[in-house]
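Engineer: One structure, pasted below without further comment.
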Amino acid sequence: MNKKLRQQLLDLGLNVKNNEFEGIYKDYEISAGSSIASTTLKCYIFFNATDEQKQDLYNDLVHAPYKNFSFSITPFGIEFTLIIMLSFNSTVKYAFTIMDNIINTLDELHIKGKGYCPVCGESVAEEKTYLGKFICCTVHKECLNTIEQENLRQKEEYDNIPRNANKAIIFSLVGGLVTIVIAFVLSLIGFISSWSSLAGAITAISLIKRNNVKIDKTNITIVNIFIIAASLISLLLIYSISILTLINNELITFMEAIEILFEDKEFVGLFIRDVSITLGFSLFSILYTISVYNQYKRK
């Protein structure tokens with residue numbers, strides 16, 4: 001977080017520490033944050049609402065055109081996650097745009113915000129409590145048990161999700177194909193980018209989530225192996241074009257073309273550089289999958 005963004009958050013009356021912030025925003029308690037090297041920003045808005053109000057809010061958000069956005073309604077409000085695509089600072093600004101829209105909906109539904117316990121809806125004056133990482137709000141002490149029960153329910157629900165590694169392999173293969181296609185298209189305009197591997201990882205994880213496959217260490221490892229392999233395959237595919245061009249121009253065999261190219265020190269240097277860049281960019285997809293795993297692990 002840069003100094004300018006930090007000051008803007010402080011000017012809003014929020015408490016800021018590293019990449020975390022919390023406080024009162026437009027009459028609602030909020031908190032948000034991102035771990036070091038994480039590729040996601042977690043945001044929370046705390047309020048008390050009836051089941052009908054929560055359903056209305058869900059219906060409003062489920063079709064919202066937000067990018068790289070996922071959300072869930074909780075016993076103490078709403079949590080949503082944004083993938084950090086460009087920078088942490090721009091993602092925070094985008095998060096506030098989404099918060100503004102959500103809060104407008106909350107106001108229209110006459111939902112209780114600050115000054116009320118988000119669990120029971122009664123007036124509250126206790127000190128703020130950390131309910132989990134980046135989750136800080138004012139709640140009745142006796143209501144903490146309700147939140148703990150919900151956490152246990154989510155953990156049990158997670159434990160009962162089948163691992164189904166075969167499906168994870170299929171979805172990882174789809175993610176790998178996405179990686180290859182995007183990497184190849186970008187290479188045609190002269191780019192080697194982290195977008196291809198990250199897009200592949202997001203595709204694989206999205207399919208895993210949608211098809212009720214467990215997000216655990218095994219399946220996350222499968223995803224990462226396929227995405228890294230796909231990134232390297234895409235690079236080899238790109239370089240194969242140079243080899244085929246040389247074969248066509250010089251009328252030589254495939255092995256002779258490889259031998260000629262790898263005797264060229266400039267070509268070898270470029271190849272090593274591109275392999276290093278590709279593997280380096282793959283770290284973005286690995287960090288993303290780890291952050292998703294940690295999110296589910298905390299549940």
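Letters A, B, ... mark the chains of the structure tokens in the order given; residue numbers begin at 1 per chain; ligand numbers begin at 1, in order shown.
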List every residue of range 98-192 of chain A that DSSP, applied to the backbone of this structure, assigns to helix (DSSP H, G or I), and report them as number ranges by chain.

Structural biologist: A: 98-108, 141-159, 165-188

Engineer: Next, dump the selected residues to file, keeping only C-alpha atoms, as a JSON list (two decimals), in the first residue's frame.

Structural biologist:
```json
[["chain", "number", "residue", "atom", "x", "y", "z"],
["A", 98, "ILE", "CA", -18.28, -2.25, -5.01],
["A", 99, "MET", "CA", -18.78, -1.35, -1.33],
["A", 100, "ASP", "CA", -20.58, 1.85, -2.33],
["A", 101, "ASN", "CA", -22.99, -0.14, -4.51],
["A", 102, "ILE", "CA", -23.56, -2.79, -1.83],
["A", 103, "ILE", "CA", -24.17, -0.14, 0.83],
["A", 104, "ASN", "CA", -26.68, 1.62, -1.44],
["A", 105, "THR", "CA", -28.57, -1.68, -1.67],
["A", 106, "LEU", "CA", -28.34, -2.17, 2.12],
["A", 107, "ASP", "CA", -29.80, 1.30, 2.67],
["A", 108, "GLU", "CA", -32.63, 0.59, 0.23],
["A", 141, "LYS", "CA", -19.86, -11.61, 23.38],
["A", 142, "GLU", "CA", -22.73, -14.07, 23.69],
["A", 143, "CYS", "CA", -23.15, -14.01, 19.90],
["A", 144, "LEU", "CA", -19.59, -15.18, 19.32],
["A", 145, "ASN", "CA", -20.81, -18.72, 19.93],
["A", 146, "THR", "CA", -23.17, -18.40, 16.95],
["A", 147, "ILE", "CA", -20.26, -17.39, 14.73],
["A", 148, "GLU", "CA", -18.14, -20.25, 16.07],
["A", 149, "GLN", "CA", -20.94, -22.71, 15.30],
["A", 150, "GLU", "CA", -21.16, -21.35, 11.76],
["A", 151, "ASN", "CA", -17.39, -21.76, 11.36],
["A", 152, "LEU", "CA", -17.65, -25.36, 12.55],
["A", 153, "ARG", "CA", -20.53, -25.98, 10.13],
["A", 154, "GLN", "CA", -18.48, -24.60, 7.23],
["A", 155, "LYS", "CA", -15.49, -26.74, 8.26],
["A", 156, "GLU", "CA", -17.65, -29.86, 8.39],
["A", 157, "GLU", "CA", -19.14, -28.94, 5.01],
["A", 158, "TYR", "CA", -15.64, -28.52, 3.58],
["A", 159, "ASP", "CA", -14.46, -31.83, 5.06],
["A", 165, "ALA", "CA", -8.63, -35.84, -8.10],
["A", 166, "ASN", "CA", -9.69, -37.19, -11.52],
["A", 167, "LYS", "CA", -12.00, -34.22, -12.04],
["A", 168, "ALA", "CA", -9.27, -31.89, -10.76],
["A", 169, "ILE", "CA", -6.96, -33.29, -13.46],
["A", 170, "ILE", "CA", -9.58, -32.69, -16.17],
["A", 171, "PHE", "CA", -10.24, -29.12, -15.00],
["A", 172, "SER", "CA", -6.49, -28.47, -14.71],
["A", 173, "LEU", "CA", -6.09, -29.70, -18.27],
["A", 174, "VAL", "CA", -8.73, -27.18, -19.38],
["A", 175, "GLY", "CA", -6.86, -24.48, -17.46],
["A", 176, "GLY", "CA", -3.64, -25.60, -19.16],
["A", 177, "LEU", "CA", -5.22, -25.27, -22.60],
["A", 178, "VAL", "CA", -6.41, -21.76, -21.72],
["A", 179, "THR", "CA", -2.82, -20.93, -20.69],
["A", 180, "ILE", "CA", -1.41, -22.22, -23.98],
["A", 181, "VAL", "CA", -3.93, -20.39, -26.17],
["A", 182, "ILE", "CA", -3.53, -17.04, -24.39],
["A", 183, "ALA", "CA", 0.27, -17.34, -24.29],
["A", 184, "PHE", "CA", 0.40, -18.13, -28.01],
["A", 185, "VAL", "CA", -1.91, -15.24, -28.94],
["A", 186, "LEU", "CA", 0.11, -12.82, -26.81],
["A", 187, "SER", "CA", 3.35, -14.07, -28.43],
["A", 188, "LEU", "CA", 2.01, -13.06, -31.83]]
```

Engineer: Please provide as a PyMOL selection string all residues within 9 Å of range 11-21 of chain A, with the sequence filter that same-chain residues fewer than 3 positions apart are discarded (counting only C-alpha atoms).

Structural biologist: chain A and resi 1+6-8+24-25+30-36+88+134

Engineer: Taking the DSSP secondary structure from the backbone, can you list the residues of range 39-211 of chain A that are strand (DSSP E), as an MDAnalysis selection string?

Structural biologist: chainID A and resid 40:46 69:74 77:83 128:132 135:138

Engineer: In Å, with one decimal, what is the gap from CA of Ser234 in chain A to CA of Leu279 in chain A?

Structural biologist: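 CA of Leu279 in chain A lies 11.8 Å from CA of Ser234 in chain A.
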
Engineer: What's the separation between CA of Lys67 in chain A and CA of Ile189 in chain A, in Å to one decimal place?

Structural biologist: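 Separation of CA of Lys67 in chain A and CA of Ile189 in chain A: 24.7 Å.
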
Engineer: For a quick check of understanding, using only C-alpha atoms, which of A:Val275, A:Phe284, A:Tyr116, A:Glu263 has the smallest distance to Leu86 in chain A?

Structural biologist: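 Of A:Val275, A:Phe284, A:Tyr116, A:Glu263, the one nearest Leu86 in chain A, counting only C-alpha atoms, is A:Phe284.
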
Engineer: Would you please work out which residue, of A:Tyr293, A:Tyr94, A:Phe46, A:Tyr66, is nearest to Cys120 in chain A when using only C-alpha atoms?

Structural biologist: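 Under the stated criterion, the closest residue is A:Phe46.
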
Engineer: Using only C-alpha atoms, find the one residue out of A:Ser240, A:Ile225, A:Thr289, A:Ile73 that sits nearest to Asn59 in chain A.

Structural biologist: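 Nearest to Asn59 in chain A: A:Ile73.
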
Engineer: Return the single residue from A:Thr218, A:Phe69, A:Glu29, A:Leu246 that is closest to Cys137 in chain A, with distances computed using only C-alpha atoms.

Structural biologist: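 Ranked by minimum distance to Cys137 in chain A, first place goes to A:Glu29.
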
Engineer: In Å, with one decimal, what is the gap from CA of Leu232 in chain A to CA of Thr278 in chain A?

Structural biologist: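 So the answer is 7.1 Å.
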
Engineer: Ranking A:Ser87, A:Thr50, A:Asn212, A:Ser282 by minimum distance to Pro162 in chain A and counting only C-alpha atoms, which one comes first?

Structural biologist: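 Closest residue, counting only C-alpha atoms: A:Asn212.
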